[in-house]
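Student: The file below is model.tsv, TSV, C-alpha atoms:
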chain	number	residue	atom	x	y	z
A	1	MET	CA	-51.29	-46.40	18.42
A	2	THR	CA	-49.46	-43.30	17.26
A	3	GLN	CA	-50.89	-41.10	14.58
A	4	ALA	CA	-49.04	-40.85	11.29
A	5	PRO	CA	-46.72	-37.83	11.10
A	6	THR	CA	-48.31	-34.67	9.74
A	7	GLY	CA	-47.54	-34.22	6.05
A	8	ILE	CA	-46.88	-37.95	5.53
A	9	ARG	CA	-49.45	-40.06	3.75
A	10	PRO	CA	-50.89	-42.92	5.83
A	11	ALA	CA	-49.31	-45.46	3.51
A	12	GLN	CA	-45.91	-44.05	4.44
A	13	PHE	CA	-46.43	-44.42	8.20
A	14	ASN	CA	-44.35	-47.60	8.25
A	15	GLY	CA	-41.32	-45.46	7.53
A	16	LEU	CA	-40.16	-42.23	5.96
A	17	PRO	CA	-38.67	-42.19	2.46
A	18	GLY	CA	-35.13	-43.53	2.57
A	19	ALA	CA	-33.43	-40.18	2.01
A	20	ARG	CA	-35.11	-38.73	5.10
A	21	VAL	CA	-34.57	-41.64	7.47
A	22	ARG	CA	-30.86	-41.23	8.15
A	23	PRO	CA	-30.91	-37.49	8.96
A	24	ALA	CA	-33.91	-37.99	11.29
A	25	LEU	CA	-32.20	-40.84	13.12
A	26	LEU	CA	-28.96	-38.83	13.25
A	27	ALA	CA	-30.78	-35.98	14.99
A	28	LEU	CA	-32.11	-38.42	17.60
A	29	ALA	CA	-28.66	-39.97	17.98
A	30	LEU	CA	-27.18	-36.51	18.58
A	31	GLY	CA	-29.67	-36.08	21.39
A	32	GLY	CA	-28.58	-39.41	22.84
A	33	PHE	CA	-24.94	-38.33	22.49
A	34	SER	CA	-25.49	-35.08	24.38
A	35	ILE	CA	-27.51	-36.70	27.15
A	36	GLY	CA	-25.12	-39.64	27.45
A	37	THR	CA	-22.17	-37.29	27.78
A	38	THR	CA	-23.66	-35.33	30.65
A	39	GLU	CA	-24.99	-38.42	32.43
A	40	PHE	CA	-21.73	-40.37	32.46
A	41	ALA	CA	-19.19	-37.53	32.51
A	42	THR	CA	-19.86	-36.97	36.21
A	43	MET	CA	-18.50	-40.44	37.02
A	44	GLY	CA	-15.15	-39.63	35.42
A	45	LEU	CA	-14.95	-36.22	37.11
A	46	LEU	CA	-16.05	-37.26	40.60
A	47	PRO	CA	-12.60	-36.75	42.21
A	48	GLN	CA	-12.31	-33.25	40.67
A	49	ILE	CA	-15.82	-32.28	41.77
A	50	ALA	CA	-15.18	-33.56	45.30
A	51	ALA	CA	-11.89	-31.67	45.60
A	52	ASP	CA	-13.24	-28.40	44.20
A	53	LEU	CA	-16.38	-28.39	46.35
A	54	GLU	CA	-14.50	-29.73	49.42
A	55	VAL	CA	-16.60	-32.86	49.99
A	56	SER	CA	-15.73	-36.56	50.10
A	57	ILE	CA	-16.02	-38.76	47.02
A	58	PRO	CA	-19.04	-40.69	48.42
A	59	ALA	CA	-20.70	-37.32	49.19
A	60	ALA	CA	-19.93	-36.10	45.67
A	61	GLY	CA	-21.60	-39.28	44.45
A	62	HIS	CA	-24.90	-37.76	45.61
A	63	VAL	CA	-24.63	-35.48	42.58
A	64	ILE	CA	-25.02	-38.59	40.41
A	65	THR	CA	-28.02	-39.62	42.49
A	66	ALA	CA	-29.60	-36.16	42.06
A	67	TYR	CA	-29.37	-36.36	38.26
A	68	ALA	CA	-30.84	-39.85	38.30
A	69	LEU	CA	-33.73	-38.75	40.49
A	70	GLY	CA	-34.41	-35.93	38.03
A	71	VAL	CA	-34.80	-38.55	35.32
A	72	VAL	CA	-37.04	-40.68	37.53
A	73	VAL	CA	-39.38	-37.76	38.25
A	74	GLY	CA	-39.28	-36.04	34.87
A	75	ALA	CA	-39.76	-39.02	32.56
A	76	PRO	CA	-43.36	-39.96	33.45
A	77	LEU	CA	-44.53	-36.48	34.46
A	78	LEU	CA	-43.29	-34.60	31.40
A	79	THR	CA	-44.31	-37.38	29.00
A	80	ALA	CA	-47.86	-37.57	30.39
A	81	ALA	CA	-48.29	-33.80	30.73
A	82	ALA	CA	-47.24	-33.29	27.08
A	83	ALA	CA	-49.50	-36.04	25.71
A	84	ARG	CA	-51.18	-33.69	23.20
A	85	ILE	CA	-48.05	-31.92	21.97
A	86	ASP	CA	-46.50	-32.71	18.58
A	87	ARG	CA	-43.59	-35.09	19.20
A	88	ARG	CA	-41.08	-32.99	17.26
A	89	THR	CA	-42.02	-29.84	19.18
A	90	LEU	CA	-41.77	-31.72	22.46
A	91	LEU	CA	-38.31	-33.08	21.65
A	92	ILE	CA	-37.08	-29.57	20.86
A	93	ALA	CA	-38.53	-28.19	24.12
A	94	LEU	CA	-36.91	-31.00	26.13
A	95	MET	CA	-33.52	-30.24	24.60
A	96	VAL	CA	-33.88	-26.56	25.53
A	97	ALA	CA	-34.46	-27.62	29.16
A	98	PHE	CA	-31.42	-29.91	28.91
A	99	VAL	CA	-29.17	-27.03	27.82
A	100	VAL	CA	-30.40	-24.81	30.66
A	101	GLY	CA	-29.79	-27.53	33.26
A	102	ASN	CA	-26.21	-28.08	32.15
A	103	VAL	CA	-25.36	-24.39	32.06
A	104	LEU	CA	-26.69	-24.10	35.63
A	105	SER	CA	-24.49	-27.07	36.59
A	106	ALA	CA	-21.40	-25.35	35.22
A	107	PHE	CA	-21.95	-22.31	37.46
A	108	ALA	CA	-23.16	-24.04	40.64
A	109	PRO	CA	-21.41	-22.37	43.63
A	110	SER	CA	-21.66	-25.29	46.05
A	111	ALA	CA	-22.36	-29.01	46.28
A	112	GLY	CA	-25.95	-28.32	47.29
A	113	TRP	CA	-26.59	-26.07	44.32
A	114	LEU	CA	-24.87	-28.56	42.02
A	115	MET	CA	-27.27	-31.26	43.19
A	116	VAL	CA	-30.22	-28.97	42.38
A	117	ALA	CA	-28.79	-28.17	38.94
A	118	ARG	CA	-28.10	-31.83	38.16
A	119	PHE	CA	-31.65	-32.70	39.21
A	120	ALA	CA	-32.93	-30.06	36.75
A	121	ALA	CA	-30.63	-31.36	34.00
A	122	GLY	CA	-32.00	-34.87	34.51
A	123	LEU	CA	-35.68	-33.90	34.21
A	124	PRO	CA	-35.87	-33.99	30.36
A	125	HIS	CA	-33.63	-37.07	29.99
A	126	GLY	CA	-36.17	-39.89	30.16
A	127	ALA	CA	-38.91	-38.04	28.31
A	128	PHE	CA	-36.49	-37.31	25.44
A	129	PHE	CA	-35.55	-40.96	25.05
A	130	GLY	CA	-39.14	-42.10	25.46
A	131	VAL	CA	-40.58	-39.72	22.87
A	132	GLY	CA	-37.51	-40.21	20.68
A	133	ALA	CA	-38.07	-43.97	20.66
A	134	VAL	CA	-41.59	-43.45	19.33
A	135	MET	CA	-40.31	-40.96	16.76
A	136	GLY	CA	-37.63	-43.42	15.65
A	137	THR	CA	-40.20	-46.20	15.31
A	138	ALA	CA	-42.42	-43.95	13.19
A	139	VAL	CA	-39.44	-43.06	10.99
A	140	VAL	CA	-38.33	-46.64	10.23
A	141	GLY	CA	-41.58	-48.56	10.77
A	142	PRO	CA	-42.72	-50.72	13.71
A	143	ALA	CA	-41.24	-53.94	12.30
A	144	ARG	CA	-37.76	-52.54	12.96
A	145	ARG	CA	-38.48	-50.85	16.29
A	146	GLY	CA	-35.61	-52.63	18.04
A	147	ARG	CA	-33.06	-51.29	15.59
A	148	ALA	CA	-34.69	-47.84	15.68
A	149	VAL	CA	-34.27	-47.69	19.45
A	150	ALA	CA	-30.74	-49.04	19.05
A	151	THR	CA	-29.86	-46.29	16.57
A	152	MET	CA	-30.99	-43.58	18.96
A	153	MET	CA	-29.28	-45.28	21.89
A	154	ALA	CA	-26.12	-45.52	19.77
A	155	GLY	CA	-25.73	-41.80	20.39
A	156	LEU	CA	-25.57	-42.54	24.10
A	157	THR	CA	-23.02	-45.29	23.63
A	158	ILE	CA	-20.86	-43.21	21.29
A	159	ALA	CA	-20.94	-40.55	24.00
A	160	ASN	CA	-19.13	-43.04	26.20
A	161	VAL	CA	-16.54	-43.63	23.48
A	162	VAL	CA	-15.94	-39.97	22.59
A	163	GLY	CA	-17.94	-37.49	24.66
A	164	VAL	CA	-17.27	-38.83	28.16
A	165	PRO	CA	-13.49	-39.35	27.71
A	166	LEU	CA	-13.12	-35.90	26.14
A	167	SER	CA	-15.16	-34.24	28.86
A	168	THR	CA	-13.02	-36.07	31.44
A	169	VAL	CA	-9.86	-34.73	29.79
A	170	VAL	CA	-11.36	-31.22	29.76
A	171	GLY	CA	-12.33	-31.58	33.41
A	172	GLN	CA	-8.90	-32.87	34.45
A	173	ASN	CA	-6.97	-30.19	32.57
A	174	LEU	CA	-9.26	-27.16	32.77
A	175	SER	CA	-12.18	-27.58	35.15
A	176	TRP	CA	-15.13	-29.88	35.67
A	177	ARG	CA	-17.23	-26.77	35.09
A	178	ALA	CA	-15.81	-26.40	31.58
A	179	ALA	CA	-16.96	-29.95	30.85
A	180	PHE	CA	-20.59	-28.97	31.52
A	181	VAL	CA	-20.22	-25.89	29.32
A	182	VAL	CA	-19.11	-28.21	26.50
A	183	VAL	CA	-22.21	-30.34	27.08
A	184	GLY	CA	-24.38	-27.22	26.81
A	185	VAL	CA	-22.84	-26.47	23.41
A	186	LEU	CA	-23.58	-30.05	22.31
A	187	GLY	CA	-27.19	-29.46	23.31
A	188	LEU	CA	-27.38	-26.38	21.09
A	189	ILE	CA	-26.05	-28.37	18.12
A	190	THR	CA	-28.67	-31.03	18.80
A	191	LEU	CA	-31.40	-28.40	18.86
A	192	ALA	CA	-30.46	-27.30	15.35
A	193	ALA	CA	-30.49	-30.91	14.08
A	194	LEU	CA	-33.88	-31.68	15.64
A	195	TRP	CA	-35.42	-28.56	14.13
A	196	ARG	CA	-33.94	-29.24	10.68
A	197	TRP	CA	-34.30	-33.00	10.22
A	198	LEU	CA	-37.20	-34.35	12.28
A	199	PRO	CA	-40.64	-34.61	10.65
A	200	PRO	CA	-43.69	-33.33	12.51
A	201	LEU	CA	-45.36	-36.21	14.37
A	202	ALA	CA	-48.76	-35.36	15.82
A	203	ALA	CA	-49.80	-36.96	19.07
A	204	HIS	CA	-52.71	-39.37	18.96
A	205	PRO	CA	-55.93	-37.28	18.65
A	206	GLU	CA	-57.41	-38.98	21.72
A	207	ALA	CA	-54.26	-38.71	23.82
A	208	THR	CA	-54.67	-36.90	27.13
A	209	VAL	CA	-52.96	-36.95	30.48
A	210	ARG	CA	-55.70	-39.32	31.65
A	211	THR	CA	-55.24	-41.79	28.77
A	212	GLU	CA	-51.48	-41.76	29.18
A	213	LEU	CA	-51.74	-42.42	32.90
A	214	ALA	CA	-54.36	-45.11	32.28
A	215	ALA	CA	-51.57	-47.15	30.70
A	216	LEU	CA	-50.06	-47.40	34.16
A	217	ARG	CA	-52.79	-49.85	35.18
A	218	ASN	CA	-50.71	-52.66	33.78
A	219	SER	CA	-49.07	-55.29	35.96
A	220	GLN	CA	-46.56	-56.31	33.28
A	221	LEU	CA	-45.38	-52.73	32.90
A	222	TRP	CA	-44.72	-52.46	36.62
A	223	ALA	CA	-43.02	-55.85	36.73
A	224	ALA	CA	-40.63	-54.71	34.00
A	225	PHE	CA	-40.19	-51.34	35.72
A	226	ALA	CA	-39.32	-52.91	39.08
A	227	ALA	CA	-36.90	-55.37	37.49
A	228	ALA	CA	-35.13	-52.54	35.65
A	229	ALA	CA	-35.05	-50.22	38.67
A	230	ILE	CA	-33.51	-52.86	40.91
A	231	GLY	CA	-31.46	-54.90	38.47
A	232	PHE	CA	-29.83	-52.05	36.56
A	233	GLY	CA	-28.55	-50.60	39.82
A	234	GLY	CA	-25.91	-53.32	39.71
A	235	MET	CA	-24.04	-51.71	36.84
A	236	PHE	CA	-24.17	-48.23	38.40
A	237	ALA	CA	-22.96	-49.48	41.77
A	238	VAL	CA	-19.62	-50.07	40.04
A	239	TYR	CA	-19.59	-47.49	37.25
A	240	SER	CA	-20.43	-44.57	39.54
A	241	TYR	CA	-17.06	-45.10	41.26
A	242	VAL	CA	-15.05	-46.34	38.29
A	243	ALA	CA	-12.49	-43.50	38.50
A	244	PRO	CA	-11.34	-44.26	42.07
A	245	LEU	CA	-11.60	-47.99	41.31
A	246	ILE	CA	-9.09	-47.58	38.49
A	247	THR	CA	-6.68	-45.36	40.42
A	248	GLU	CA	-6.98	-46.79	43.96
A	249	VAL	CA	-7.48	-50.54	43.34
A	250	THR	CA	-6.21	-51.29	39.84
A	251	LEU	CA	-3.42	-48.73	40.50
A	252	LEU	CA	-3.46	-47.27	37.01
A	253	PRO	CA	-2.57	-43.57	36.65
A	254	ALA	CA	-5.36	-40.97	36.52
A	255	ALA	CA	-4.50	-40.30	32.86
A	256	THR	CA	-5.82	-43.77	31.96
A	257	VAL	CA	-9.33	-43.01	33.31
A	258	PRO	CA	-10.53	-41.40	30.04
A	259	ILE	CA	-9.11	-44.37	28.11
A	260	VAL	CA	-10.96	-46.90	30.25
A	261	LEU	CA	-14.15	-44.85	29.96
A	262	GLY	CA	-13.75	-44.86	26.18
A	263	LEU	CA	-13.28	-48.63	26.16
A	264	PHE	CA	-16.43	-48.97	28.27
A	265	GLY	CA	-18.20	-46.88	25.64
A	266	LEU	CA	-16.96	-49.19	22.89
A	267	GLY	CA	-18.44	-52.07	24.83
A	268	MET	CA	-21.74	-50.20	25.06
A	269	THR	CA	-21.69	-49.63	21.29
A	270	VAL	CA	-21.23	-53.33	20.67
A	271	GLY	CA	-24.00	-54.05	23.17
A	272	THR	CA	-26.34	-51.62	21.39
A	273	VAL	CA	-25.91	-53.29	18.01
A	274	LEU	CA	-26.14	-56.76	19.50
A	275	GLY	CA	-29.09	-55.89	21.74
A	276	GLY	CA	-31.09	-54.34	18.90
A	277	ARG	CA	-30.77	-57.46	16.77
A	278	LEU	CA	-31.49	-59.83	19.65
A	279	ALA	CA	-34.52	-57.80	20.78
A	280	ASP	CA	-36.04	-57.96	17.29
A	281	ARG	CA	-35.90	-61.77	17.63
A	282	SER	CA	-37.10	-62.13	21.22
A	283	VAL	CA	-37.35	-59.30	23.71
A	284	LEU	CA	-37.82	-61.45	26.81
A	285	ARG	CA	-34.94	-63.81	26.00
A	286	THR	CA	-32.71	-60.76	25.52
A	287	VAL	CA	-33.79	-59.43	28.93
A	288	TYR	CA	-32.83	-62.74	30.56
A	289	LEU	CA	-29.49	-62.79	28.74
A	290	GLY	CA	-28.73	-59.19	29.72
A	291	PHE	CA	-29.42	-59.75	33.40
A	292	ALA	CA	-27.44	-62.99	33.61
A	293	GLY	CA	-24.48	-61.61	31.65
A	294	THR	CA	-24.29	-58.41	33.71
A	295	ALA	CA	-24.36	-60.31	37.02
A	296	LEU	CA	-21.53	-62.58	35.83
A	297	VAL	CA	-19.37	-59.65	34.74
A	298	LEU	CA	-19.89	-57.85	38.06
A	299	VAL	CA	-18.60	-60.93	39.87
A	300	LEU	CA	-15.57	-60.90	37.55
A	301	ILE	CA	-14.88	-57.28	38.48
A	302	ALA	CA	-15.08	-58.11	42.18
A	303	LEU	CA	-12.60	-60.97	41.73
A	304	THR	CA	-10.15	-59.37	39.28
A	305	GLY	CA	-10.37	-55.63	40.00
A	306	ALA	CA	-6.80	-55.49	41.29
A	307	GLN	CA	-5.37	-56.93	38.05
A	308	PRO	CA	-5.11	-54.21	35.38
A	309	VAL	CA	-5.73	-56.26	32.21
A	310	ALA	CA	-8.52	-58.37	33.69
A	311	ALA	CA	-10.14	-55.34	35.34
A	312	VAL	CA	-10.23	-53.30	32.11
A	313	LEU	CA	-11.55	-56.25	30.09
A	314	SER	CA	-14.28	-56.80	32.67
A	315	ILE	CA	-15.29	-53.14	32.49
A	316	VAL	CA	-15.57	-53.44	28.69
A	317	LEU	CA	-17.71	-56.56	29.08
A	318	LEU	CA	-19.89	-54.66	31.55
A	319	GLY	CA	-20.53	-52.07	28.84
A	320	ILE	CA	-21.68	-54.81	26.44
A	321	THR	CA	-23.97	-56.72	28.78
A	322	SER	CA	-25.51	-53.69	30.47
A	323	GLN	CA	-26.40	-52.11	27.13
A	324	VAL	CA	-27.96	-55.32	25.82
A	325	LEU	CA	-30.02	-55.33	29.02
A	326	GLY	CA	-30.99	-51.65	28.89
A	327	LEU	CA	-32.10	-51.77	25.26
A	328	ALA	CA	-34.12	-54.95	25.79
A	329	LEU	CA	-35.82	-53.46	28.86
A	330	GLN	CA	-36.80	-50.32	26.93
A	331	THR	CA	-38.28	-52.38	24.10
A	332	ARG	CA	-40.14	-54.54	26.62
A	333	LEU	CA	-41.68	-51.50	28.33
A	334	MET	CA	-42.82	-50.14	24.95
A	335	ASP	CA	-44.33	-53.52	24.10
A	336	VAL	CA	-46.31	-53.86	27.34
A	337	SER	CA	-47.76	-50.33	27.03
A	338	PRO	CA	-49.03	-50.23	23.41
A	339	ALA	CA	-51.61	-47.55	24.21
A	340	ALA	CA	-48.89	-45.19	25.49
A	341	PRO	CA	-45.53	-46.21	23.99
A	342	SER	CA	-43.91	-42.83	24.74
A	343	LEU	CA	-44.74	-43.25	28.41
A	344	GLY	CA	-43.56	-46.86	28.40
A	345	ALA	CA	-40.21	-45.95	26.87
A	346	ALA	CA	-39.85	-42.96	29.20
A	347	LEU	CA	-40.60	-45.14	32.21
A	348	CYS	CA	-37.70	-47.34	31.17
A	349	HIS	CA	-35.35	-44.42	31.68
A	350	SER	CA	-37.02	-43.63	34.99
A	351	ALA	CA	-36.40	-47.23	36.01
A	352	LEU	CA	-32.81	-47.30	34.76
A	353	ASN	CA	-32.01	-44.05	36.52
A	354	LEU	CA	-33.69	-45.21	39.69
A	355	GLY	CA	-31.15	-48.01	39.35
A	356	ASN	CA	-28.51	-45.32	38.77
A	357	ALA	CA	-29.53	-43.55	41.97
A	358	SER	CA	-29.76	-46.70	44.09
A	359	GLY	CA	-26.55	-48.16	42.65
A	360	ALA	CA	-24.59	-44.98	43.36
A	361	TYR	CA	-26.13	-44.78	46.84
A	362	PHE	CA	-25.50	-48.38	47.90
A	363	GLY	CA	-22.05	-48.35	46.31
A	364	GLY	CA	-21.24	-45.22	48.29
A	365	LEU	CA	-22.52	-46.82	51.49
A	366	VAL	CA	-20.16	-49.80	51.33
A	367	ILE	CA	-17.26	-47.56	50.34
A	368	GLY	CA	-18.04	-45.17	53.19
A	369	ALA	CA	-18.17	-48.15	55.56
A	370	GLY	CA	-14.55	-48.88	54.70
A	371	TRP	CA	-15.09	-52.01	52.60
A	372	GLY	CA	-13.15	-50.64	49.65
A	373	TYR	CA	-13.87	-49.93	45.98
A	374	LEU	CA	-14.41	-53.59	45.04
A	375	ALA	CA	-17.29	-54.05	47.48
A	376	PRO	CA	-19.79	-52.27	45.16
A	377	ALA	CA	-19.27	-55.01	42.57
A	378	TRP	CA	-20.64	-57.62	44.99
A	379	VAL	CA	-23.55	-55.31	45.85
A	380	GLY	CA	-24.14	-54.82	42.12
A	381	ALA	CA	-24.20	-58.54	41.39
A	382	GLY	CA	-26.83	-59.01	44.08
A	383	LEU	CA	-28.99	-56.20	42.68
A	384	THR	CA	-28.75	-57.60	39.15
A	385	LEU	CA	-29.75	-61.09	40.21
A	386	ALA	CA	-32.69	-59.62	42.14
A	387	GLY	CA	-33.85	-57.94	38.93
A	388	LEU	CA	-33.62	-61.23	37.04
A	389	ALA	CA	-35.61	-62.97	39.77
A	390	LEU	CA	-38.37	-60.36	39.46
A	391	VAL	CA	-38.66	-60.88	35.71
A	392	LEU	CA	-38.77	-64.65	36.08
A	393	ALA	CA	-41.38	-64.43	38.83
A	394	PHE	CA	-43.71	-61.71	37.55
A	395	GLY	CA	-42.68	-60.42	34.12
A	396	ARG	CA	-42.96	-63.36	31.72
A	397	THR	CA	-46.48	-62.80	30.36
A	398	PRO	CA	-46.47	-62.10	26.59
A	399	ALA	CA	-46.90	-58.44	25.65
A	400	PRO	CA	-50.39	-57.39	24.47
A	401	ALA	CA	-51.11	-56.83	20.80
A	402	ARG	CA	-49.68	-53.55	19.50
Could you quickly redo this structure as structure tokens?

Tutor:
Amino acid sequence: MTQAPTGIRPAQFNGLPGARVRPALLALALGGFSIGTTEFATMGLLPQIAADLEVSIPAAGHVITAYALGVVVGAPLLTAAAARIDRRTLLIALMVAFVVGNVLSAFAPSAGWLMVARFAAGLPHGAFFGVGAVMGTAVVGPARRGRAVATMMAGLTIANVVGVPLSTVVGQNLSWRAAFVVVGVLGLITLAALWRWLPPLAAHPEATVRTELAALRNSQLWAAFAAAAIGFGGMFAVYSYVAPLITEVTLLPAATVPIVLGLFGLGMTVGTVLGGRLADRSVLRTVYLGFAGTALVLVLIALTGAQPVAAVLSIVLLGITSQVLGLALQTRLMDVSPAAPSLGAALCHSALNLGNASGAYFGGLVIGAGWGYLAPAWVGAGLTLAGLALVLAFGRTPAPAR
């Protein structure tokens, strides 16, 4: 359980007064927007980063892997270590770390230093979404937790509609470094919103590092984690290299890359709304649907990537199905760790970004082997189906009582 927010009567724990709900959720969504922009902007700027730092595109893809590994490491460690800290205070501290990491990225002198900076920028990512999911649930009430998570994640999806295309335009016309400066400014705006609009939310009085980590002794949590870490790599195997896919295979001009990224973001927005509603009905069924739909779309990309209209439509569909899957997996991890929901939600982002790291890595391997920019779609379909198989084999037990 999570203790009622300080200053809010126990009877109000199932949700803040209506006038305070929207600003609180907006602050969380702004955090999602800032984090989503920095996470996905690198994909659109990969050719510019590679050219400026004088490395190949597959080598530049290691920058994506470094950020993802930062999320994997930071999500459980920071969430557990801060078990006794007020949730609002923790969210503000995580956003400060986010700003610092992105400013360091903008001034990295080499590919090696950029990897270090991106790793640092990724550290607060998962913990922010994990703690933010618990804050959102406290704000709207547990009965609407799926929609609360969806609202916060909407910031991430809107980042792919607005933030990522704009940062790509900035990177193409000014410098990829300027794009990270813009992200740092977004982080400062988010800091102000978190400080102004979020209510205090005390941690559970008995919460400690030991009690948080005790939640890890849960086979269903690890089944969901493994399925997410493997299965979600399918989407990133393709999306990590979407810019060269569009220009080298689909043969669209580089100026269309921000447009395609924006359309992908629109698909993610649709997937967020759809996934939130489906997860409130049945989390496990939504997980199955997300895995199956994502695998099918990846096969479509592999078969139609050379045809402009079909390729772009498939990328939009990938945004929808992958976001339905990601939101359902986060809700599932919260459900199977009721004693430590912040850690469960944070572990989801560790898992998804482990998928990010592995997807970018395996996609880069097949590209580097000379198999072309469509080969990662086949790799991705295999990873996604492996994730579905794990859920069906080990992750079907009902979640414990909340």

Student: Between A:Ala226, A:Gly130, A:Leu374, A:Ser314, which has the minimum distance to Gly355 in chain A (counting all atoms listed in the file)?

Tutor: A:Ala226

Student: Could you make a table, as a tab-separated table, of the residues of range 161-233 of chain A that have an atom within 10 Å of an atom of range 285-295 of chain A, each with its nearest atom pair and distance in Å to one decimal, counting only C-alpha atoms, in chain and number order?

Tutor:
residue	atom	partner	partner_atom	distance
A:Ala224	CA	A:Val287	CA	9.7
A:Ala227	CA	A:Phe291	CA	9.6
A:Ala228	CA	A:Phe291	CA	9.5
A:Gly231	CA	A:Phe291	CA	7.3
A:Phe232	CA	A:Phe291	CA	8.3

Student: Might you pull out every residue within 12 Å of Pro58 in chain A, with all atoms listed in the file counted and same-chain residues fewer than 5 positions away left off, and present them as a count of residues only?

Tutor: 26

Student: May I ask which of the residues A:Gly359, A:Gly122, A:Gly382, A:Gly319 is the closest one to Ala68 in chain A, counting all atoms listed in the file?

Tutor: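 Among A:Gly359, A:Gly122, A:Gly382, A:Gly319, it is A:Gly122 that comes nearest to Ala68 in chain A.
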
Student: List the residues sitting within 8 Å of (-19.3, -50.6, 22.1) in the file's frame, using all atoms listed in the file, as a tab-separated table (two decimals) with C-alpha atoms, keeping the file's coordinate frame.

Tutor:
chain	number	residue	atom	x	y	z
A	157	THR	CA	-23.02	-45.29	23.63
A	158	ILE	CA	-20.86	-43.21	21.29
A	161	VAL	CA	-16.54	-43.63	23.48
A	263	LEU	CA	-13.28	-48.63	26.16
A	264	PHE	CA	-16.43	-48.97	28.27
A	265	GLY	CA	-18.20	-46.88	25.64
A	266	LEU	CA	-16.96	-49.19	22.89
A	267	GLY	CA	-18.44	-52.07	24.83
A	268	MET	CA	-21.74	-50.20	25.06
A	269	THR	CA	-21.69	-49.63	21.29
A	270	VAL	CA	-21.23	-53.33	20.67
A	271	GLY	CA	-24.00	-54.05	23.17
A	272	THR	CA	-26.34	-51.62	21.39
A	319	GLY	CA	-20.53	-52.07	28.84
A	320	ILE	CA	-21.68	-54.81	26.44

Student: Taking 4 positions as the minimum chain separation for residues in the same chain, which residues sit within 8 Å of Leu186 in chain A when counting all atoms listed in the file? Answer as a list in words.

Tutor: Ser34, Val182 and Thr190 of chain A

Student: Could you give me range 182-196 of chain A completed to N, CA and C atoms, formatted as a PDB file, keeping the file's coordinate frame?

Tutor:
ATOM      1  N   VAL A 182     -19.216 -27.478  27.765  1.00  0.00           N
ATOM      2  CA  VAL A 182     -19.110 -28.210  26.500  1.00  0.00           C
ATOM      3  C   VAL A 182     -20.397 -28.983  26.222  1.00  0.00           C
ATOM      4  N   VAL A 183     -20.959 -29.600  27.255  1.00  0.00           N
ATOM      5  CA  VAL A 183     -22.210 -30.340  27.080  1.00  0.00           C
ATOM      6  C   VAL A 183     -23.332 -29.400  26.660  1.00  0.00           C
ATOM      7  N   GLY A 184     -23.373 -28.196  27.218  1.00  0.00           N
ATOM      8  CA  GLY A 184     -24.380 -27.220  26.810  1.00  0.00           C
ATOM      9  C   GLY A 184     -24.274 -26.872  25.337  1.00  0.00           C
ATOM     10  N   VAL A 185     -23.045 -26.740  24.840  1.00  0.00           N
ATOM     11  CA  VAL A 185     -22.840 -26.470  23.410  1.00  0.00           C
ATOM     12  C   VAL A 185     -23.340 -27.647  22.567  1.00  0.00           C
ATOM     13  N   LEU A 186     -23.062 -28.874  23.021  1.00  0.00           N
ATOM     14  CA  LEU A 186     -23.580 -30.050  22.310  1.00  0.00           C
ATOM     15  C   LEU A 186     -25.102 -30.015  22.230  1.00  0.00           C
ATOM     16  N   GLY A 187     -25.744 -29.565  23.312  1.00  0.00           N
ATOM     17  CA  GLY A 187     -27.190 -29.460  23.310  1.00  0.00           C
ATOM     18  C   GLY A 187     -27.691 -28.460  22.276  1.00  0.00           C
ATOM     19  N   LEU A 188     -26.980 -27.369  22.095  1.00  0.00           N
ATOM     20  CA  LEU A 188     -27.380 -26.380  21.090  1.00  0.00           C
ATOM     21  C   LEU A 188     -27.256 -26.952  19.675  1.00  0.00           C
ATOM     22  N   ILE A 189     -26.200 -27.719  19.427  1.00  0.00           N
ATOM     23  CA  ILE A 189     -26.050 -28.370  18.120  1.00  0.00           C
ATOM     24  C   ILE A 189     -27.193 -29.351  17.879  1.00  0.00           C
ATOM     25  N   THR A 190     -27.558 -30.086  18.918  1.00  0.00           N
ATOM     26  CA  THR A 190     -28.670 -31.030  18.800  1.00  0.00           C
ATOM     27  C   THR A 190     -29.970 -30.314  18.495  1.00  0.00           C
ATOM     28  N   LEU A 191     -30.188 -29.187  19.130  1.00  0.00           N
ATOM     29  CA  LEU A 191     -31.400 -28.400  18.860  1.00  0.00           C
ATOM     30  C   LEU A 191     -31.524 -28.074  17.369  1.00  0.00           C
ATOM     31  N   ALA A 192     -30.426 -27.638  16.773  1.00  0.00           N
ATOM     32  CA  ALA A 192     -30.460 -27.300  15.350  1.00  0.00           C
ATOM     33  C   ALA A 192     -30.796 -28.522  14.501  1.00  0.00           C
ATOM     34  N   ALA A 193     -30.232 -29.685  14.855  1.00  0.00           N
ATOM     35  CA  ALA A 193     -30.490 -30.910  14.080  1.00  0.00           C
ATOM     36  C   ALA A 193     -31.939 -31.360  14.223  1.00  0.00           C
ATOM     37  N   LEU A 194     -32.482 -31.287  15.431  1.00  0.00           N
ATOM     38  CA  LEU A 194     -33.880 -31.680  15.640  1.00  0.00           C
ATOM     39  C   LEU A 194     -34.816 -30.795  14.830  1.00  0.00           C
ATOM     40  N   TRP A 195     -34.565 -29.502  14.857  1.00  0.00           N
ATOM     41  CA  TRP A 195     -35.420 -28.560  14.130  1.00  0.00           C
ATOM     42  C   TRP A 195     -35.330 -28.782  12.617  1.00  0.00           C
ATOM     43  N   ARG A 196     -34.142 -29.126  12.141  1.00  0.00           N
ATOM     44  CA  ARG A 196     -33.940 -29.240  10.680  1.00  0.00           C
ATOM     45  C   ARG A 196     -34.387 -30.583  10.123  1.00  0.00           C
TER      46      ARG A 196
END
